[in-house]
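Here is the structure we will look at.
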Amino acid sequence: MSKSVSDFLWDCAGYSVLWSSLKNQTVLISGGTGFLGSPLVGLACEANIRFNLNLRLTLITRSIPKTLARFPSWSTQSTISLVEVDVCNPFSLNGSYSACILGAVDSSNVGGLYSNSKIDVILKGTRNCLEFCRIKSIQKILFLSSGAVYECSLTQGGQNLSEDIKLHTPIESELNDYAHAKLMAESMCSNFHKQYGVDFTIARCFAFVGPSMPVNAHFAIGNFIRDALYSDSVVVKGDGLAVRSYLYTFDCAFWLWSLLVSASGIEVVNVGSDVGMTILEIATIVRNLLSPSKSIDILSTSTLVTRRNYYLPDISRARLLHGLEVWTSLEHAIKATALHHDLGI
């Protein structure tokens, strides 16, 4: 963990309150083995040791052997209990739980699923987990949604996407299957809150970079890191004009634990960095940090230079109401990710 998490993050204002709020708690997590889930788990395990929390995590997984093959250290973590469950089916577990984090499926898993499978995992998984929460009287829930529910703005100036933007219904919008499903799952969560009064935070997650990121998927920055380490050049598949931002996965983990603890009523909060730059600028930063002698190849040129695709969150709510910040620099996050993949650890 020390190679991945900046030490100063542990000293961020307010986090002694966060960790003390998790003392003696038992949290159920679906999606804990994914791109965002595994840093969430790793951070909690270290916090458990540092602050003597007696925090217990129950992680839902489809296959315990496959999970332990990916995360062998988890087999010796007293913090973690693994349970083999397919969330697409109703399930029951022994014990009581203080809170629940619903990940179900993150965007890193989307490429390996057919459209109907994506929708099934998100919608059936959310429904079955919520029913389990009802039966167990769990009073705090964090749902991991996606910034994809907004639809990217295509304007000359662009704008950061606020939680107050009116969203289209899935029927009206042109969202992809993953975003459709997340939007419908948000509606499930909202209805669940109205019916049972459970404290809910819906975290709309944007783009991230960190050691858990796959470098052979649809994440542009992950592919740039792979190219910088192993290819002859860094390849930009589009025109490089799209605007993106990246939050370090361990910053994100701090954010998510904080949002779970502070859940009150129902609230939607954007999770991500608001520091935007073009895809070409990001590719250049990666190249300069990891392999400055390599070239950058742009595969497409655009004639619509005044219309750029923007995917940037407005994080004013996270800052002002929850004291959350973009603590870790993009450069540090890139280096930590590259170190992980270069060493194959």
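If you're wondering about the labels, chains in the structure tokens are A, B, ... by order shown, residues count from 1 in each chain, ligands from 1 in order shown.
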
Would you list the contacts of segment 144-150 of chain A as a CSV table (one decimal) with N, CA and C atoms, in the first residue's frame, taking every protein, DNA or RNA residue within 6 Å and counting only C-alpha atoms, but skipping same-chain residues closer than 2 positions in sequence?
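Written output follows (selection_31.csv):
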chain,number,residue,atom,x,y,z
A,103,GLY,N,-21.6,-1.6,-5.6
A,103,GLY,CA,-20.9,-1.3,-6.9
A,103,GLY,C,-21.4,-2.1,-8.0
A,179,ALA,N,-24.7,3.3,-19.2
A,179,ALA,CA,-25.3,4.5,-18.6
A,179,ALA,C,-26.8,4.4,-18.3
A,182,LYS,N,-27.2,2.4,-15.2
A,182,LYS,CA,-26.9,3.2,-14.0
A,182,LYS,C,-27.9,4.2,-13.6
A,183,LEU,N,-28.5,4.9,-14.7
A,183,LEU,CA,-29.6,5.8,-14.4
A,183,LEU,C,-30.8,5.2,-13.8
A,203,ALA,N,-23.0,8.2,-5.6
A,203,ALA,CA,-21.7,8.8,-6.1
A,203,ALA,C,-21.6,8.6,-7.6
A,204,ARG,N,-21.7,9.7,-8.3
A,204,ARG,CA,-21.5,9.7,-9.8
A,204,ARG,C,-20.0,9.8,-10.1
A,205,CYS,N,-19.4,8.6,-10.4
A,205,CYS,CA,-18.0,8.5,-10.6
A,205,CYS,C,-17.6,8.8,-12.0
A,206,PHE,N,-16.5,9.6,-12.2
A,206,PHE,CA,-16.1,10.0,-13.5
A,206,PHE,C,-14.9,9.2,-13.9

query = Near Asn288 of chain A, counting only C-alpha atoms, which residues have an atom at most 12 Å away, once you skip same-chain residues fewer than 3 positions from it, shown as number ranges by chain?
reply = A: 224-225, 228-229, 233-234, 281-285, 291-296, 331, 334-335

Once you have the residues from the selection above, write them out as a compact mmCIF listing (two decimals), in the first residue's frame, restricted to all heavy atoms.
# COMPACT_ATOMS: atom_id res chain seq x y z
N PHE A 224 -2.30 4.72 -22.73
CA PHE A 224 -1.10 5.55 -22.91
C PHE A 224 0.04 5.03 -22.03
O PHE A 224 1.21 4.99 -22.46
CB PHE A 224 -1.39 7.00 -22.56
CG PHE A 224 -2.42 7.67 -23.44
CD1 PHE A 224 -3.15 8.76 -22.97
CD2 PHE A 224 -2.66 7.22 -24.72
CE1 PHE A 224 -4.09 9.38 -23.76
CE2 PHE A 224 -3.62 7.84 -25.54
CZ PHE A 224 -4.33 8.92 -25.06
N ILE A 225 -0.28 4.66 -20.80
CA ILE A 225 0.74 4.13 -19.89
C ILE A 225 1.32 2.82 -20.45
O ILE A 225 2.53 2.60 -20.44
CB ILE A 225 0.15 3.93 -18.49
CG1 ILE A 225 -0.15 5.30 -17.85
CG2 ILE A 225 1.10 3.12 -17.59
CD1 ILE A 225 -0.95 5.23 -16.57
N ALA A 228 3.55 3.69 -23.36
CA ALA A 228 4.81 4.31 -22.91
C ALA A 228 5.77 3.27 -22.35
O ALA A 228 6.99 3.38 -22.51
CB ALA A 228 4.51 5.38 -21.87
N LEU A 229 5.23 2.23 -21.72
CA LEU A 229 6.07 1.19 -21.13
C LEU A 229 6.55 0.16 -22.15
O LEU A 229 7.69 -0.29 -22.11
CB LEU A 229 5.32 0.48 -20.00
CG LEU A 229 5.00 1.28 -18.74
CD1 LEU A 229 4.14 0.46 -17.79
CD2 LEU A 229 6.28 1.74 -18.04
N SER A 233 5.50 3.61 -29.72
CA SER A 233 5.00 4.99 -29.63
C SER A 233 3.74 5.01 -28.78
O SER A 233 3.13 3.97 -28.52
CB SER A 233 4.70 5.55 -31.03
OG SER A 233 3.66 4.79 -31.64
N VAL A 234 3.35 6.19 -28.35
CA VAL A 234 2.10 6.37 -27.60
C VAL A 234 1.02 6.74 -28.62
O VAL A 234 1.14 7.74 -29.33
CB VAL A 234 2.24 7.48 -26.54
CG1 VAL A 234 0.92 7.73 -25.85
CG2 VAL A 234 3.32 7.11 -25.53
N GLU A 281 -3.01 16.29 -24.53
CA GLU A 281 -2.20 16.80 -23.42
C GLU A 281 -1.91 15.70 -22.40
O GLU A 281 -0.79 15.60 -21.88
CB GLU A 281 -2.92 17.97 -22.74
CG GLU A 281 -2.95 19.24 -23.58
CD GLU A 281 -3.84 20.31 -22.98
OE1 GLU A 281 -4.81 19.97 -22.28
OE2 GLU A 281 -3.57 21.51 -23.24
N ILE A 282 -2.90 14.85 -22.13
CA ILE A 282 -2.71 13.74 -21.19
C ILE A 282 -1.69 12.75 -21.74
O ILE A 282 -0.79 12.29 -21.03
CB ILE A 282 -4.06 13.05 -20.90
CG1 ILE A 282 -4.98 14.01 -20.14
CG2 ILE A 282 -3.85 11.77 -20.10
CD1 ILE A 282 -6.42 13.60 -20.14
N ALA A 283 -1.81 12.43 -23.03
CA ALA A 283 -0.85 11.52 -23.66
C ALA A 283 0.56 12.08 -23.60
O ALA A 283 1.54 11.34 -23.37
CB ALA A 283 -1.25 11.26 -25.11
N THR A 284 0.68 13.40 -23.76
CA THR A 284 1.99 14.05 -23.72
C THR A 284 2.59 13.98 -22.32
O THR A 284 3.79 13.72 -22.15
CB THR A 284 1.87 15.51 -24.18
OG1 THR A 284 1.32 15.54 -25.50
CG2 THR A 284 3.23 16.19 -24.18
N ILE A 285 1.76 14.19 -21.29
CA ILE A 285 2.25 14.09 -19.91
C ILE A 285 2.75 12.68 -19.62
O ILE A 285 3.83 12.48 -19.05
CB ILE A 285 1.13 14.48 -18.92
CG1 ILE A 285 0.84 15.98 -19.01
CG2 ILE A 285 1.52 14.10 -17.48
CD1 ILE A 285 -0.38 16.42 -18.22
N SER A 291 8.48 7.84 -20.94
CA SER A 291 9.34 7.49 -22.09
C SER A 291 9.50 8.70 -23.00
O SER A 291 8.94 8.74 -24.11
CB SER A 291 8.72 6.32 -22.87
OG SER A 291 7.40 6.64 -23.25
N PRO A 292 10.24 9.70 -22.57
CA PRO A 292 10.31 10.97 -23.29
C PRO A 292 10.86 10.88 -24.71
O PRO A 292 10.64 11.78 -25.53
CB PRO A 292 11.22 11.83 -22.40
CG PRO A 292 11.91 10.89 -21.49
CD PRO A 292 11.00 9.73 -21.30
N SER A 293 11.54 9.78 -25.03
CA SER A 293 12.10 9.66 -26.38
C SER A 293 11.09 9.12 -27.39
O SER A 293 11.34 9.17 -28.60
CB SER A 293 13.33 8.73 -26.36
OG SER A 293 12.96 7.42 -25.96
N LYS A 294 9.95 8.62 -26.93
CA LYS A 294 8.97 8.03 -27.85
C LYS A 294 8.11 9.12 -28.50
O LYS A 294 7.89 10.19 -27.94
CB LYS A 294 8.08 7.03 -27.12
CG LYS A 294 8.82 5.77 -26.71
CD LYS A 294 7.89 4.75 -26.07
CE LYS A 294 8.68 3.48 -25.69
NZ LYS A 294 7.82 2.47 -25.02
N SER A 295 7.59 8.79 -29.68
CA SER A 295 6.71 9.71 -30.38
C SER A 295 5.26 9.49 -29.95
O SER A 295 4.92 8.49 -29.33
CB SER A 295 6.83 9.49 -31.89
OG SER A 295 6.40 8.17 -32.23
N ILE A 296 4.41 10.46 -30.30
CA ILE A 296 2.97 10.33 -30.09
C ILE A 296 2.30 10.28 -31.45
O ILE A 296 2.49 11.18 -32.28
CB ILE A 296 2.42 11.51 -29.27
CG1 ILE A 296 3.03 11.51 -27.86
CG2 ILE A 296 0.89 11.45 -29.19
CD1 ILE A 296 2.60 12.69 -27.01
N GLU A 331 0.59 13.55 -12.09
CA GLU A 331 1.91 12.97 -12.31
C GLU A 331 2.20 11.83 -11.32
O GLU A 331 2.70 10.77 -11.71
CB GLU A 331 2.99 14.06 -12.19
CG GLU A 331 3.00 15.06 -13.34
CD GLU A 331 1.90 16.12 -13.25
OE1 GLU A 331 1.18 16.16 -12.21
OE2 GLU A 331 1.75 16.90 -14.20
N ILE A 334 0.07 8.78 -12.29
CA ILE A 334 0.60 8.09 -13.48
C ILE A 334 1.81 7.24 -13.10
O ILE A 334 1.93 6.08 -13.50
CB ILE A 334 0.96 9.11 -14.57
CG1 ILE A 334 -0.31 9.74 -15.16
CG2 ILE A 334 1.79 8.45 -15.68
CD1 ILE A 334 -0.05 10.94 -16.05
N LYS A 335 2.72 7.82 -12.32
CA LYS A 335 3.93 7.08 -11.93
C LYS A 335 3.58 5.85 -11.08
O LYS A 335 4.16 4.78 -11.27
CB LYS A 335 4.87 8.00 -11.15
CG LYS A 335 5.56 9.06 -12.01
CD LYS A 335 6.43 9.96 -11.15
CE LYS A 335 7.11 11.04 -11.98
NZ LYS A 335 7.91 11.95 -11.11

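Comparing A:His193, A:Lys23, A:Lys166, A:His180 by their smallest distance to Lys118 of chain A, the closest is A:His180 (using only C-alpha atoms).
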
DSSP alpha helix (DSSP H) residues within segment 49-270 of chain A, as a VMD selection string = chain A and resid 49 to 51 64 to 70 115 to 136 177 to 196 220 to 230 249 to 261

inquiry  = Under the rule that only C-alpha atoms are counted, which of A:Ser231, A:Ile165, A:Trp74, A:Ile119 is the nearest residue to Asp177 of chain A?
reply    = A:Ile119

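Counting only C-alpha atoms and comparing A:Gly323, A:Gly238, A:Gly37, A:Pro65, the residue that lies closest to Ser300 of chain A is A:Gly238.
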